[in-house]
Amino acid sequence: MHPHLHTEENQKNCADVIAALDECHARGFLWKTFGNCTDAKHKVNMCLRAQRLERTRLNREAAREKRKHIEEGWAEIDENS
């Protein structure tokens, strides 16, 4: 299962591979059935995966900064107590 392909972030970063997959799917049922769209689907998955990994990295950095700020606040409270 993959995220929605029509979101702004996905359209901006993966537009070419999504368009290639849509074009492949537009060729018809048999084209998809015989696995002719597998390569395009794999490229979409890899593009979306790269976006997810980047988003995860940024979230992890933000969480570490927030945690550092909280710990500094608690250390200051402990010093003043």
# chains A, B, ... in the order shown; residues from 1 in each chain; ligands from 1
$ residues_around --residues "region 32-45 of chain A" --least-positions-apart "5" --cutoff "8 Å" --atoms "only C-alpha atoms" --output "list in words"
His2, Cys14, Val17, Ile18, Ala20, Leu21, Cys24 and His25 of chain A
$ select_by_dssp --residues "chain A" --states "alpha helix (DSSP H)" --output "number ranges by chain"
A: 8-26, 29-33, 38-80
$ write_last_selection --atoms "C-alpha atoms" --output "compact mmCIF listing (two decimals), in the first residue's frame"
# COMPACT_ATOMS: atom_id res chain seq x y z
CA GLU A 8 1.46 18.14 -3.71
CA GLU A 9 4.66 16.67 -2.26
CA ASN A 10 4.39 13.52 -4.35
CA GLN A 11 3.51 15.43 -7.51
CA LYS A 12 6.49 17.72 -6.99
CA ASN A 13 9.12 15.06 -6.32
CA CYS A 14 7.91 11.96 -8.14
CA ALA A 15 5.86 13.40 -10.99
CA ASP A 16 7.82 11.75 -13.79
CA VAL A 17 7.71 8.22 -12.36
CA ILE A 18 4.03 8.56 -11.41
CA ALA A 19 3.25 9.74 -14.94
CA ALA A 20 5.11 6.74 -16.37
CA LEU A 21 3.07 4.38 -14.15
CA ASP A 22 -0.20 6.08 -15.14
CA GLU A 23 0.76 5.80 -18.80
CA CYS A 24 1.55 2.12 -18.38
CA HIS A 25 -1.77 1.49 -16.60
CA ALA A 26 -3.62 3.36 -19.36
CA PHE A 29 -5.66 -4.61 -18.32
CA LEU A 30 -3.56 -7.17 -20.17
CA TRP A 31 -0.54 -4.90 -20.16
CA LYS A 32 -0.68 -4.78 -16.35
CA THR A 33 -1.59 -8.45 -16.01
CA THR A 38 6.23 -3.80 -12.71
CA ASP A 39 9.33 -1.71 -13.41
CA ALA A 40 7.34 1.54 -13.35
CA LYS A 41 5.66 0.49 -10.09
CA HIS A 42 9.04 -0.32 -8.54
CA LYS A 43 10.35 3.13 -9.48
CA VAL A 44 7.30 4.78 -7.88
CA ASN A 45 7.82 2.72 -4.73
CA MET A 46 11.50 3.69 -4.55
CA CYS A 47 10.70 7.38 -5.05
CA LEU A 48 8.03 7.32 -2.33
CA ARG A 49 10.38 5.38 -0.06
CA ALA A 50 13.08 8.02 -0.49
CA GLN A 51 10.57 10.71 0.46
CA ARG A 52 9.46 8.75 3.52
CA LEU A 53 13.04 8.20 4.68
CA GLU A 54 13.82 11.91 4.33
CA ARG A 55 10.64 12.85 6.23
CA THR A 56 11.55 10.33 8.96
CA ARG A 57 15.06 11.76 9.25
CA LEU A 58 13.74 15.30 9.59
CA ASN A 59 11.17 14.24 12.20
CA ARG A 60 13.83 12.41 14.18
CA GLU A 61 16.09 15.48 14.19
CA ALA A 62 13.20 17.70 15.31
CA ALA A 63 12.35 15.26 18.10
CA ARG A 64 15.96 15.21 19.30
CA GLU A 65 16.06 19.01 19.40
CA LYS A 66 12.76 19.14 21.27
CA ARG A 67 13.94 16.51 23.75
CA LYS A 68 17.20 18.42 24.29
CA HIS A 69 15.23 21.59 25.02
CA ILE A 70 12.98 19.76 27.49
CA GLU A 71 15.94 18.18 29.28
CA GLU A 72 17.64 21.58 29.56
CA GLY A 73 14.45 22.98 31.08
CA TRP A 74 14.28 20.19 33.63
CA ALA A 75 17.98 20.59 34.47
CA GLU A 76 17.39 24.28 35.10
CA ILE A 77 14.42 23.48 37.36
CA ASP A 78 16.52 20.93 39.29
CA GLU A 79 19.31 23.49 39.77
CA ASN A 80 16.92 26.07 41.15
$ decode --residues "region 33-68 of chain A" --atoms "N, CA and C atoms" --output "compact mmCIF listing (two decimals), in the first residue's frame"
# COMPACT_ATOMS: atom_id res chain seq x y z
N THR A 33 -1.51 -7.05 -16.43
CA THR A 33 -1.59 -8.45 -16.01
C THR A 33 -0.31 -9.23 -16.31
N PHE A 34 0.32 -8.93 -17.44
CA PHE A 34 1.53 -9.65 -17.81
C PHE A 34 2.79 -9.04 -17.22
N GLY A 35 2.63 -8.11 -16.30
CA GLY A 35 3.77 -7.58 -15.57
C GLY A 35 4.57 -6.52 -16.29
N ASN A 36 4.01 -5.91 -17.30
CA ASN A 36 4.74 -4.90 -18.04
C ASN A 36 4.86 -3.58 -17.29
N CYS A 37 4.09 -3.40 -16.22
CA CYS A 37 4.14 -2.17 -15.43
C CYS A 37 4.95 -2.34 -14.14
N THR A 38 5.52 -3.51 -13.95
CA THR A 38 6.23 -3.80 -12.71
C THR A 38 7.41 -2.86 -12.49
N ASP A 39 8.17 -2.59 -13.54
CA ASP A 39 9.33 -1.71 -13.41
C ASP A 39 8.90 -0.29 -13.03
N ALA A 40 7.84 0.20 -13.67
CA ALA A 40 7.34 1.54 -13.35
C ALA A 40 6.84 1.59 -11.91
N LYS A 41 6.16 0.55 -11.47
CA LYS A 41 5.66 0.49 -10.09
C LYS A 41 6.81 0.47 -9.09
N HIS A 42 7.87 -0.26 -9.42
CA HIS A 42 9.04 -0.32 -8.54
C HIS A 42 9.69 1.06 -8.42
N LYS A 43 9.78 1.78 -9.52
CA LYS A 43 10.35 3.13 -9.48
C LYS A 43 9.51 4.08 -8.64
N VAL A 44 8.18 3.96 -8.73
CA VAL A 44 7.30 4.78 -7.88
C VAL A 44 7.53 4.43 -6.42
N ASN A 45 7.60 3.14 -6.11
CA ASN A 45 7.82 2.72 -4.73
C ASN A 45 9.15 3.25 -4.18
N MET A 46 10.20 3.21 -4.99
CA MET A 46 11.50 3.69 -4.55
C MET A 46 11.49 5.21 -4.34
N CYS A 47 10.80 5.93 -5.20
CA CYS A 47 10.70 7.38 -5.05
C CYS A 47 9.94 7.73 -3.76
N LEU A 48 8.81 7.07 -3.54
CA LEU A 48 8.03 7.32 -2.33
C LEU A 48 8.79 6.90 -1.09
N ARG A 49 9.57 5.84 -1.19
CA ARG A 49 10.38 5.38 -0.06
C ARG A 49 11.44 6.42 0.29
N ALA A 50 12.08 6.99 -0.72
CA ALA A 50 13.08 8.02 -0.49
C ALA A 50 12.46 9.22 0.21
N GLN A 51 11.27 9.60 -0.20
CA GLN A 51 10.57 10.71 0.46
C GLN A 51 10.27 10.38 1.91
N ARG A 52 9.80 9.16 2.15
CA ARG A 52 9.46 8.75 3.52
C ARG A 52 10.70 8.74 4.41
N LEU A 53 11.81 8.24 3.89
CA LEU A 53 13.04 8.20 4.68
C LEU A 53 13.53 9.60 5.02
N GLU A 54 13.42 10.52 4.08
CA GLU A 54 13.82 11.91 4.33
C GLU A 54 12.90 12.54 5.39
N ARG A 55 11.60 12.31 5.26
CA ARG A 55 10.64 12.85 6.23
C ARG A 55 10.91 12.27 7.63
N THR A 56 11.23 10.98 7.69
CA THR A 56 11.55 10.33 8.96
C THR A 56 12.81 10.93 9.58
N ARG A 57 13.82 11.17 8.75
CA ARG A 57 15.06 11.76 9.25
C ARG A 57 14.81 13.16 9.82
N LEU A 58 14.04 13.95 9.12
CA LEU A 58 13.74 15.30 9.59
C LEU A 58 12.93 15.28 10.89
N ASN A 59 11.96 14.36 10.97
CA ASN A 59 11.17 14.24 12.20
C ASN A 59 12.03 13.80 13.38
N ARG A 60 12.95 12.89 13.12
CA ARG A 60 13.83 12.41 14.18
C ARG A 60 14.72 13.54 14.69
N GLU A 61 15.26 14.35 13.78
CA GLU A 61 16.09 15.48 14.19
C GLU A 61 15.28 16.49 15.01
N ALA A 62 14.06 16.76 14.57
CA ALA A 62 13.20 17.70 15.31
C ALA A 62 12.88 17.17 16.70
N ALA A 63 12.65 15.87 16.80
CA ALA A 63 12.35 15.26 18.10
C ALA A 63 13.55 15.33 19.03
N ARG A 64 14.75 15.12 18.48
CA ARG A 64 15.96 15.21 19.30
C ARG A 64 16.16 16.62 19.82
N GLU A 65 15.93 17.62 18.98
CA GLU A 65 16.06 19.01 19.40
C GLU A 65 15.03 19.35 20.48
N LYS A 66 13.81 18.89 20.29
CA LYS A 66 12.76 19.14 21.27
C LYS A 66 13.10 18.47 22.60
N ARG A 67 13.58 17.24 22.53
CA ARG A 67 13.94 16.51 23.75
C ARG A 67 15.09 17.21 24.47
N LYS A 68 16.06 17.70 23.71
CA LYS A 68 17.20 18.42 24.29
C LYS A 68 16.71 19.67 25.02
